[in-house]
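Trainee: Sharing a structure below in structure tokens format, with a few things to ask.
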Amino acid sequence: MRISARADYAVRAALQLAASQDDGPVKAEAIAEAQDIPHKFLEGILGDMRRGGLVLSQRGGNGGYRLARPAGTISIADIIRVVDGPLVSVRGVRPPDLSYTGPAEALLPLWIALRANVREILDGVSLADVASADLPADVSALAHTPGAWTNP
């Protein structure tokens, strides 16, 4: 699974908004600078997040962006789906729409299992969890398994 730059930037922008929840709207320029995200690219991402119901925008001198709902109710998966579409696809196709034959037949349940695990992790972690550096115990445990930080 690959996390696109677009998804990474979107999550980082949402985390910046979560950290600023009580300060009112945050300008895109401030988010871009704080997270080292190209401003023009961020504007498109924030537009997608607004259309997806994750952020609200306010025009004017005191305008900017803010989360549309509390950070604890927005999962990392919500953000990725809004900016990139399905969490797991194979050749651009969702796993349940695939079919294999012969020795490749067992690939389908493998892709479905992969999707289930990705969903379990990304749907189970909220912006508030990441912003507070308090990941769910099962996610922390996975991150601390032997070999998790090394590339085979």
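How things are named: the first chain in the structure tokens is A, the next is B, and so on; residues count from 1 in each chain; ligands count from 1 in the order shown.
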Pick out each residue of range 1-130 of chain A that DSSP on the backbone tags as helix (DSSP H, G or I); I need them as a ChimeraX atom specification.
Mentor: /A:5-19,21-23,28-35,39-51,71-73,76-84,95-97,102-104,107-123,127-130
Trainee: Can you tell me which residues surround Ile121 in chain A at a distance of at most 12 Å, considering only C-alpha atoms, apart from same-chain residues fewer than 5 positions away, and format the answer as a ChimeraX atom specification?
Mentor: /A:75-78,87,114-116,126,135-143
Trainee: Considering only C-alpha atoms, state which residue in the set A:Arg12, A:Arg66, A:Arg81, A:Arg50 is at the smallest distance from Pro25 in chain A.
Mentor: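 Checking each candidate against Pro25 in chain A, we get A:Arg66 as the closest.
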Trainee: To one decimal place in Å, what is the distance between CA of Val83 in chain A and CA of Ala10 in chain A?
Mentor: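 Computing the Euclidean distance for CA of Val83 in chain A and CA of Ala10 in chain A yields 7.3 Å.
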Trainee: Please report the interatomic distance between CA of Asp129 in chain A and CA of Gln58 in chain A in Å with one decimal.
Mentor: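 It comes out at 26.0 Å.
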Trainee: So that I can see what lies close to range 40-44 of chain A, please list as a short mmCIF file (atom, residue, chain, number, x, y, z; two decimals) with C-alpha atoms, in the first residue's frame the residues with an atom at most 7 Å from it, counting only C-alpha atoms and leaving out residues fewer than 4 positions away in the same chain.
Mentor:
```
data_model
loop_
_atom_site.label_atom_id
_atom_site.label_comp_id
_atom_site.auth_asym_id
_atom_site.auth_seq_id
_atom_site.Cartn_x
_atom_site.Cartn_y
_atom_site.Cartn_z
CA ALA A 28 -4.23 28.01 4.00
CA ALA A 32 1.17 25.32 4.16
CA ASP A 48 -11.66 18.40 -1.78
#
```
Trainee: Identify which of the residues A:Ala14, A:Met49, A:Val88, A:Val118 lies closest to Gly72 in chain A, counting only C-alpha atoms when measuring atom-to-atom distances.
Mentor: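 Smallest distance to Gly72 in chain A is found for A:Ala14.
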Trainee: For CA of Leu122 in chain A and CA of Ile79 in chain A, quote the distance in Å rounded to one decimal.
Mentor: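 These atoms are spaced 9.6 Å apart.
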Trainee: Quick one: DSSP strand (DSSP E) residues in range 18-109 of chain A, as a list in words?
Mentor: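 Answer for range 18-109 of chain A, restricted to strand (DSSP E): Val55, Leu56, Ser57, Gln58, Gly64, Tyr65, Arg66 and Leu67 of chain A.
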Trainee: Looking at A:Glu120, A:Ser132, A:Ile37, A:Leu108, which one is nearest to Leu15 in chain A, with distances taken over only C-alpha atoms?
Mentor: A:Ser132
Trainee: Tell me which of A:Ser20, A:Gly52, A:Ala148, A:Asp134 sits closest to Gly85 in chain A, counting only C-alpha atoms.
Mentor: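 That would be A:Gly52, the residue with the smallest distance to Gly85 in chain A.
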